[in-house]
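Q: Just upload11.txt, nothing more (compact mmCIF, C-alpha atoms):
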# COMPACT_ATOMS: atom_id res chain seq x y z
CA LEU V 1 26.40 -14.00 29.89
CA MET V 2 24.39 -16.68 28.14
CA LYS V 3 26.08 -18.11 25.04
CA PHE V 4 23.06 -19.64 23.35
CA HIS V 5 22.49 -18.11 19.91
CA GLN V 6 19.49 -17.91 17.63
CA ILE V 7 19.78 -17.51 13.87
CA ARG V 8 17.59 -14.71 12.55
CA ASP V 9 17.19 -12.49 9.47
CA ALA V 10 18.63 -15.09 7.07
CA SER V 11 18.89 -13.88 3.48
CA LEU V 12 20.50 -14.95 0.20
CA SER V 13 22.13 -12.62 -2.32
CA GLU V 14 20.32 -12.37 -5.65
CA ASP V 15 23.15 -14.20 -7.45
CA GLY V 16 23.06 -16.99 -4.85
CA LYS V 17 26.74 -16.58 -3.98
CA TRP V 18 26.36 -15.34 -0.41
CA VAL V 19 24.16 -16.02 2.61
CA ALA V 20 23.82 -13.64 5.57
CA TYR V 21 22.19 -14.05 8.95
CA SER V 22 22.14 -12.60 12.46
CA LEU V 23 23.44 -14.55 15.45
CA VAL V 24 21.49 -13.37 18.50
CA PRO V 25 22.51 -14.44 22.04
CA ASP V 26 20.10 -14.81 24.93
CA ARG V 27 21.88 -11.87 26.53
CA GLY V 28 24.86 -9.98 25.19
CA ASP V 29 26.07 -8.66 21.86
CA GLY V 30 25.13 -10.43 18.65
CA GLU V 31 26.73 -10.34 15.23
CA VAL V 32 25.99 -10.73 11.52
CA VAL V 33 27.65 -13.56 9.64
CA VAL V 34 28.11 -13.32 5.86
CA ARG V 35 29.26 -16.60 4.33
CA SER V 36 30.11 -17.69 0.81
CA ALA V 37 27.84 -20.41 -0.57
CA ALA V 38 30.71 -21.90 -2.59
CA SER V 39 33.76 -21.62 -0.31
CA GLU V 40 34.87 -21.18 3.29
CA ARG V 41 35.10 -17.39 2.94
CA GLU V 42 33.27 -15.63 5.76
CA PHE V 43 32.88 -12.14 7.22
CA ARG V 44 31.46 -11.09 10.56
CA ILE V 45 29.93 -7.76 11.58
CA GLU V 46 30.29 -7.13 15.30
CA ARG V 47 26.96 -6.20 16.93
CA GLY V 48 25.31 -6.38 13.50
CA THR V 49 21.67 -7.21 12.82
CA ASP V 50 19.18 -7.16 9.92
CA PRO V 51 21.67 -7.65 7.04
CA VAL V 52 20.65 -6.57 3.53
CA PHE V 53 22.40 -7.40 0.24
CA SER V 54 22.71 -4.95 -2.62
CA ALA V 55 21.07 -6.22 -5.81
CA ASP V 56 24.44 -6.72 -7.52
CA GLY V 57 25.71 -8.89 -4.65
CA LEU V 58 28.74 -6.68 -3.98
CA TRP V 59 27.68 -5.09 -0.69
CA VAL V 60 25.99 -5.88 2.60
CA ALA V 61 24.51 -3.23 4.85
CA ALA V 62 23.46 -3.99 8.42
CA SER V 63 22.31 -2.15 11.49
CA ILE V 64 24.79 -1.97 14.37
CA THR V 65 23.15 -2.32 17.77
CA PRO V 66 24.56 -0.50 20.80
CA SER V 67 26.64 -2.75 23.03
CA LEU V 68 25.11 -4.46 26.05
CA GLU V 69 27.24 -2.24 28.28
CA GLU V 70 25.91 0.91 26.59
CA ARG V 71 22.33 -0.32 26.86
CA ASP V 72 22.70 -1.21 30.55
CA LYS V 73 24.24 2.18 31.36
CA ALA V 74 21.46 4.01 29.51
CA GLN V 75 18.81 1.93 31.28
CA ALA V 76 20.29 2.73 34.70
CA LYS V 77 20.47 6.42 33.85
CA SER V 78 16.85 6.39 32.63
CA GLU V 79 15.64 4.73 35.83
CA LYS V 80 17.55 7.28 37.90
CA ARG V 81 16.02 10.13 35.90
CA GLY V 82 12.51 8.81 36.44
CA SER V 83 9.51 8.24 34.21
CA GLY V 84 7.98 10.96 32.12
CA LYS V 85 11.34 12.36 31.00
CA LYS V 86 12.39 12.21 27.37
CA ASP V 87 15.27 9.77 27.04
CA ASP V 88 17.67 11.56 24.69
CA ASP V 89 20.58 9.58 26.16
CA LYS V 90 19.37 6.23 24.82
CA PRO V 91 22.17 4.80 22.64
CA LYS V 92 21.40 4.86 18.93
CA PRO V 93 22.06 2.13 16.36
CA GLY V 94 24.58 2.65 13.60
CA LEU V 95 25.26 1.30 10.11
CA SER V 96 27.82 -1.17 8.78
CA ILE V 97 28.71 -1.18 5.07
CA LEU V 98 30.61 -4.32 4.04
CA ASP V 99 32.39 -4.65 0.66
CA LEU V 100 32.19 -8.35 -0.24
CA ARG V 101 35.04 -8.07 -2.76
CA SER V 102 37.65 -6.89 -0.30
CA GLY V 103 36.05 -7.67 3.06
CA SER V 104 36.51 -4.06 4.16
CA GLU V 105 33.90 -2.68 6.54
CA GLU V 106 32.86 0.89 7.28
CA ARG V 107 30.93 1.68 10.45
CA ILE V 108 28.84 4.85 10.70
CA GLU V 109 27.35 6.11 13.96
CA GLU V 110 23.72 6.97 14.70
CA VAL V 111 21.91 5.86 11.56
CA GLU V 112 18.14 5.63 11.79
CA ALA V 113 17.32 4.09 8.40
CA PHE V 114 19.06 2.95 5.21
CA ALA V 115 18.24 1.33 1.86
CA PHE V 116 19.94 0.26 -1.36
CA SER V 117 18.62 1.34 -4.73
CA ASP V 118 17.01 -1.39 -6.83
CA ASP V 119 20.12 -1.70 -9.04
CA GLY V 120 22.46 -1.88 -6.04
CA ARG V 121 24.63 1.04 -7.11
CA TRP V 122 23.33 3.57 -4.57
CA LEU V 123 22.85 3.58 -0.81
CA VAL V 124 20.91 6.17 1.13
CA PHE V 125 21.11 6.42 4.92
CA LYS V 126 19.43 8.82 7.31
CA HIS V 127 20.94 9.86 10.63
CA HIS V 128 19.14 10.18 13.93
CA ALA V 129 18.26 13.65 15.15
CA LYS V 130 21.04 15.34 17.06
CA LYS V 131 20.69 15.35 20.84
CA LYS V 132 19.03 18.50 22.12
CA GLU V 133 20.46 20.40 25.04
CA LYS V 134 18.37 19.98 28.16
CA ASP V 135 17.23 22.78 30.47
CA GLU V 136 18.91 21.11 33.43
CA GLU V 137 22.24 20.96 31.60
CA SER V 138 22.13 24.66 30.80
CA GLY V 139 21.03 25.56 34.34
CA GLU V 140 17.77 27.10 33.15
CA LYS V 141 14.38 26.26 34.58
CA PRO V 142 11.36 25.98 32.29
CA ASP V 143 8.85 28.76 32.91
CA GLN V 144 5.11 28.59 32.42
CA ASP V 145 5.34 29.86 28.85
CA GLN V 146 7.76 27.07 27.95
CA LYS V 147 5.49 24.45 29.48
CA GLU V 148 2.54 25.69 27.46
CA LYS V 149 4.56 26.07 24.28
CA LYS V 150 2.88 24.54 21.25
CA ARG V 151 4.09 21.20 19.98
CA GLU V 152 7.00 21.67 17.61
CA PRO V 153 6.77 19.81 14.28
CA GLU V 154 9.23 16.97 14.01
CA LEU V 155 12.09 18.09 11.79
CA GLY V 156 13.88 15.94 9.26
CA THR V 157 17.49 14.89 9.78
CA THR V 158 20.62 14.62 7.68
CA ALA V 159 20.56 12.00 4.93
CA LYS V 160 23.49 10.93 2.79
CA LEU V 161 23.27 9.47 -0.68
CA ARG V 162 26.33 7.41 -1.69
CA TYR V 163 27.30 6.20 -5.15
CA LEU V 164 28.91 2.90 -4.16
CA THR V 165 31.13 2.58 -7.23
CA THR V 166 33.15 5.68 -6.34
CA GLY V 167 32.16 6.39 -2.74
CA ASP V 168 30.99 9.90 -3.67
CA GLU V 169 28.32 11.25 -1.33
CA THR V 170 25.68 13.94 -1.48
CA VAL V 171 24.21 15.35 1.73
CA ILE V 172 20.51 16.21 1.91
CA GLU V 173 19.44 18.09 5.02
CA HIS V 174 16.14 17.82 6.92
CA VAL V 175 14.93 14.57 5.34
CA SER V 176 11.90 13.14 7.11
CA GLU V 177 11.11 10.21 4.79
CA PHE V 178 12.53 8.50 1.72
CA ALA V 179 11.73 5.62 -0.64
CA TRP V 180 13.40 4.07 -3.70
CA ALA V 181 11.54 3.27 -6.91
CA GLU V 182 11.19 -0.43 -7.76
CA GLU V 183 12.38 -0.46 -11.36
CA GLU V 184 15.03 2.25 -11.67
CA PRO V 185 17.26 4.33 -9.37
CA ILE V 186 14.88 7.14 -8.47
CA LEU V 187 14.88 8.37 -4.88
CA ALA V 188 11.84 10.14 -3.47
CA PHE V 189 12.29 12.11 -0.27
CA ALA V 190 10.44 14.60 1.93
CA ILE V 191 11.93 17.69 3.54
CA SER V 192 10.77 18.95 6.93
CA ALA V 193 12.84 22.07 7.63
CA PRO V 194 12.98 24.58 10.52
CA GLU V 195 10.08 27.05 10.44
CA GLY V 196 8.53 24.94 7.68
CA GLU V 197 10.42 26.85 4.99
CA GLY V 198 11.28 24.74 1.97
CA ASN V 199 9.16 21.77 3.03
CA ARG V 200 8.58 19.61 -0.03
CA THR V 201 8.46 16.19 -1.60
CA ALA V 202 11.00 15.72 -4.39
CA VAL V 203 12.64 13.03 -6.51
CA LEU V 204 16.17 12.45 -7.77
CA ARG V 205 16.56 10.38 -10.93
CA LEU V 206 20.01 8.82 -10.65
CA GLY V 207 22.29 7.06 -13.10
CA ARG V 208 26.06 6.96 -12.89
CA GLY V 209 26.04 10.32 -11.16
CA MET V 210 23.78 12.72 -9.32
CA GLY V 211 20.63 13.74 -11.12
CA LEU V 212 18.72 16.97 -10.81
CA GLU V 213 16.14 17.37 -8.08
CA LEU V 214 12.54 17.66 -9.22
CA ALA V 215 10.13 19.07 -6.64
CA LEU V 216 6.76 17.33 -6.81
CA HIS V 217 4.98 19.37 -4.16
CA GLU V 218 6.17 22.29 -2.06
CA ALA V 219 4.36 24.25 0.63
CA GLU V 220 5.30 26.28 3.67
CA ASN V 221 4.74 23.99 6.68
CA GLY V 222 4.00 21.13 4.29
CA HIS V 223 3.68 17.69 5.86
CA TYR V 224 4.41 14.67 3.62
CA GLN V 225 3.84 10.99 4.35
CA ASN V 226 2.65 7.63 2.97
CA PHE V 227 5.28 7.21 0.25
CA GLN V 228 4.39 4.43 -2.19
CA TRP V 229 6.00 3.40 -5.47
CA ALA V 230 4.23 1.20 -8.03
CA ARG V 231 5.96 -2.15 -8.55
CA GLU V 232 6.22 -2.24 -12.34
CA ALA V 233 5.93 1.37 -13.47
CA THR V 234 7.37 4.76 -12.61
CA ARG V 235 4.41 5.86 -10.54
CA PHE V 236 4.76 7.42 -7.11
CA ALA V 237 2.03 8.40 -4.63
CA PHE V 238 2.22 10.44 -1.44
CA SER V 239 0.00 12.40 0.92
CA ALA V 240 0.40 16.14 1.42
CA ALA V 241 -1.05 18.29 4.20
CA VAL V 242 -0.21 21.61 5.86
CA LEU V 243 0.62 21.95 9.55
CA ASP V 244 -1.57 24.40 11.49
CA ASP V 245 -0.39 26.88 14.15
CA ASP V 246 -0.40 24.09 16.74
CA GLY V 247 1.87 21.91 14.62
CA GLU V 248 -0.92 19.50 13.69
CA PRO V 249 -1.49 18.38 10.07
CA GLY V 250 -4.69 19.47 8.38
CA ASP V 251 -6.67 17.45 5.85
CA ALA V 252 -4.39 15.60 3.48
CA ASP V 253 -4.62 15.20 -0.28
CA ILE V 254 -3.21 12.29 -2.28
CA TRP V 255 -0.85 13.16 -5.12
CA VAL V 256 0.56 10.95 -7.87
CA TRP V 257 3.65 11.48 -10.01
CA ARG V 258 3.76 9.55 -13.29
CA GLY V 259 7.46 9.72 -13.97
CA GLU V 260 7.56 13.03 -15.81
CA GLY V 261 6.46 16.60 -15.16
CA GLU V 262 4.46 17.61 -12.12
CA ALA V 263 2.59 15.50 -9.61
CA LYS V 264 -1.20 15.61 -9.89
CA ARG V 265 -3.70 15.66 -7.05
CA VAL V 266 -5.97 12.61 -7.37
CA VAL V 267 -7.83 12.60 -4.03
CA SER V 268 -8.80 15.53 -1.81
CA ARG V 269 -10.86 16.07 1.33
CA ALA V 270 -13.76 17.09 -0.88
CA ASP V 271 -13.86 13.57 -2.31
CA ALA V 272 -14.44 12.02 1.11
CA PRO V 273 -18.06 11.22 2.09
Could you quickly redo this structure as C-alpha cells?

A:
Amino acid sequence: LMKFHQIRDASLSEDGKWVAYSLVPDRGDGEVVVRSAASEREFRIERGTDPVFSADGLWVAASITPSLEERDKAQAKSEKRGSGKKDDDKPKPGLSILDLRSGSEERIEEVEAFAFSDDGRWLVFKHHAKKKEKDEESGEKPDQDQKEKKREPELGTTAKLRYLTTGDETVIEHVSEFAWAEEEPILAFAISAPEGEGNRTAVLRLGRGMGLELALHEAENGHYQNFQWAREATRFAFSAAVLDDDGEPGDADIWVWRGEGEAKRVVSRADAP
C-alpha cells in the first residue's frame, strides 16, 4: 500500500489548545490526529476522518471510515451481484467520541450523521437504517404485484441524544433530519414513522437535562425538510408537505417558529405566482 499521506480537515479548538486533522493515504486506512498546541500530548483515531471539536474544547467527534479490507470485499460482492441491485451490504461509517481530558475513546457503529450543540454539552448522532432482508435470502421470488408496488416513503432512523457531562442518553426513533440552534441548546428534528403515523417536526429545549418536546407541526404522512436556524435569534424555519398515495410529497408550505408557542405558516402554494 502507498504510504504517502495528505493532511485534510484541519481545525482548531475554540480555546486554541488543540488542533485536529485527518491523515489520508493514497490507498489504505487513514486516521485523525489530535495534538496539543502547547505540549507533546497527542491522540490518534484509527480510520478517523472529518474531526469536529465541541465548543468547550473537551471533546472531539469524528467519522470512522470502513477499513480498506471491508471496502474491497464489499466492492467485489457488488460487482458479483451486478448493476441495478441495491447495495445494502456496503460497509457503513461509524462515530468516534474522544474525551480530551482522559484520552478515552468510544467507537459507535453505523452512524450516518452527528453534531455537537452550540455550547458543547450535547451530542446528537443518527444511525443508518437497518439492513433489510432480501427476497433472495428468504427464498422468496418477487411477484408482479411486488414489482409494481408503490414507492415506500423513506423512514427515519434511530437517533441518540447524549448529555456529555454525565453520559446520559435519550433515544428518539424514526428521525429523518435534525439541526441545532445557533445560540442555545435547542434541537429541532423531524419524525418519519411507519405508515406516516406521528410524523412531525418538533424541538427540544435543553439545559442541564432533557427538556420537554414541543411539536411545531404534525400531520399524518407529513414530510419535513429544509431545516434552517437564524444565526442570532431563536428563529427556526422548515418546509412541510404531505405525501400522496404514491409516496410523493405534495406542495410544501414554509413554517417559522419564533422561539415560543406554535409555528406559523409564512409561505404557501397560494403565494407562488

Q: Check the smallest atom-to-atom distance from each of V:Asp9, V:Glu262, V:Asp89, V:Glu195 to Leu155 (chain V) using only C-alpha atoms, then report the winner.

A: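 Using only C-alpha atoms, the shortest distance to Leu155 (chain V) belongs to V:Glu195.
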
Q: Show me, as lines of an AutoDock Vina configuration file, the centre and edge lengths in Å to one decimal of the axis-aligned box that covers every listed atom of region 247-265 of chain V with 3 Å on each side.

A:
center_x = 0.4
center_y = 15.7
center_z = -0.6
size_x = 20.2
size_y = 18.4
size_z = 36.4

Q: Restricting the calculation to all atoms listed in the file: of V:Val24, V:Ala159, V:Ile186, V:Ala76, which residue gets closest to Val111 (chain V)?

A: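 That would be V:Ala159, the residue with the smallest distance to Val111 (chain V).
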
Q: Rank V:Leu161, V:Phe178, V:Asp251, V:Asp244 by their smallest atom-to-atom distance to Gln225 (chain V), using only C-alpha atoms, and report the top residue only.

A: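 Using only C-alpha atoms, Gln225 (chain V) sits closest to V:Phe178.
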
Q: Select, from V:Glu220, V:Glu14, V:Asp29, V:Glu169, the residue with the minimum atom-to-atom distance to Asp72 (chain V), counting only C-alpha atoms.

A: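 Of V:Glu220, V:Glu14, V:Asp29, V:Glu169, the one nearest Asp72 (chain V), counting only C-alpha atoms, is V:Asp29.
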
Q: Restricting the calculation to only C-alpha atoms, which member of V:Leu98, V:Arg258, V:Val267, V:Gly247 is positioned closest to Glu152 (chain V)?

A: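 Smallest distance to Glu152 (chain V) is found for V:Gly247.
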
Q: V:Ser117, V:Ile45, V:Ser239, V:Gln75: which is nearest Leu204 (chain V), counting all atoms listed in the file?

A: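 Among the listed residues, the smallest separation from Leu204 (chain V) belongs to V:Ser117.
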
Q: In Å, how far is it from CA of Leu206 (chain V) to CA of Ala179 (chain V)?

A: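 So the two atoms, CA of Leu206 (chain V) and CA of Ala179 (chain V), lie 13.4 Å apart.
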
Q: Give me the residues within 6 Å of Ile97 (chain V) as a PyMOL selection string, counting only C-alpha atoms and dropping any in the same chain fewer than 2 places off.

A: chain V and resi 60-61+105-106

Q: Complete region 188-199 of chain V at the level of all heavy atoms, written as a compact mmCIF listing (two decimals), in the frame of the given file.

A:
# COMPACT_ATOMS: atom_id res chain seq x y z
N ALA V 188 12.80 9.14 -3.92
CA ALA V 188 11.84 10.14 -3.47
C ALA V 188 12.14 10.47 -2.01
O ALA V 188 12.48 9.58 -1.22
CB ALA V 188 10.41 9.61 -3.60
N PHE V 189 12.02 11.73 -1.66
CA PHE V 189 12.29 12.11 -0.27
C PHE V 189 11.44 13.33 0.10
O PHE V 189 11.03 14.12 -0.75
CB PHE V 189 13.78 12.41 -0.06
CG PHE V 189 14.34 13.51 -0.92
CD1 PHE V 189 14.39 14.81 -0.47
CD2 PHE V 189 14.80 13.23 -2.19
CE1 PHE V 189 14.91 15.83 -1.26
CE2 PHE V 189 15.32 14.23 -3.00
CZ PHE V 189 15.37 15.54 -2.53
N ALA V 190 11.19 13.46 1.40
CA ALA V 190 10.44 14.60 1.93
C ALA V 190 11.36 15.43 2.80
O ALA V 190 12.22 14.91 3.52
CB ALA V 190 9.24 14.12 2.74
N ILE V 191 11.17 16.74 2.74
CA ILE V 191 11.93 17.69 3.54
C ILE V 191 11.02 18.31 4.59
O ILE V 191 9.93 18.79 4.26
CB ILE V 191 12.54 18.80 2.67
CG1 ILE V 191 13.50 18.21 1.63
CG2 ILE V 191 13.25 19.84 3.54
CD1 ILE V 191 14.72 17.55 2.20
N SER V 192 11.47 18.27 5.84
CA SER V 192 10.77 18.95 6.93
C SER V 192 11.79 19.85 7.61
O SER V 192 12.60 19.40 8.43
CB SER V 192 10.18 17.94 7.92
OG SER V 192 9.50 18.60 8.97
N ALA V 193 11.78 21.14 7.25
CA ALA V 193 12.84 22.07 7.63
C ALA V 193 12.39 22.98 8.78
O ALA V 193 11.19 23.11 9.05
CB ALA V 193 13.24 22.92 6.42
N PRO V 194 13.34 23.63 9.46
CA PRO V 194 12.98 24.58 10.52
C PRO V 194 12.07 25.68 10.00
O PRO V 194 12.23 26.16 8.87
CB PRO V 194 14.34 25.14 10.95
CG PRO V 194 15.33 24.09 10.60
CD PRO V 194 14.81 23.46 9.34
N GLU V 195 11.08 26.03 10.80
CA GLU V 195 10.08 27.05 10.44
C GLU V 195 9.23 26.64 9.26
O GLU V 195 8.44 27.44 8.75
CB GLU V 195 10.75 28.40 10.15
CG GLU V 195 11.70 28.89 11.22
CD GLU V 195 11.01 29.10 12.55
OE1 GLU V 195 9.81 29.45 12.55
OE2 GLU V 195 11.66 28.89 13.60
N GLY V 196 9.36 25.42 8.79
CA GLY V 196 8.53 24.94 7.68
C GLY V 196 8.89 25.52 6.34
O GLY V 196 8.16 25.33 5.36
N GLU V 197 10.02 26.22 6.25
CA GLU V 197 10.42 26.85 4.99
C GLU V 197 11.15 25.85 4.10
O GLU V 197 12.14 25.25 4.51
CB GLU V 197 11.30 28.07 5.27
CG GLU V 197 10.59 29.17 6.05
CD GLU V 197 11.50 30.35 6.31
OE1 GLU V 197 12.68 30.31 5.88
OE2 GLU V 197 11.04 31.31 6.97
N GLY V 198 10.67 25.69 2.89
CA GLY V 198 11.28 24.74 1.97
C GLY V 198 10.78 23.32 2.12
O GLY V 198 11.35 22.40 1.50
N ASN V 199 9.72 23.12 2.91
CA ASN V 199 9.16 21.77 3.03
C ASN V 199 8.64 21.32 1.67
O ASN V 199 7.93 22.06 0.97
CB ASN V 199 8.03 21.76 4.05
CG ASN V 199 8.53 21.81 5.47
OD1 ASN V 199 9.70 22.09 5.71
ND2 ASN V 199 7.65 21.56 6.42
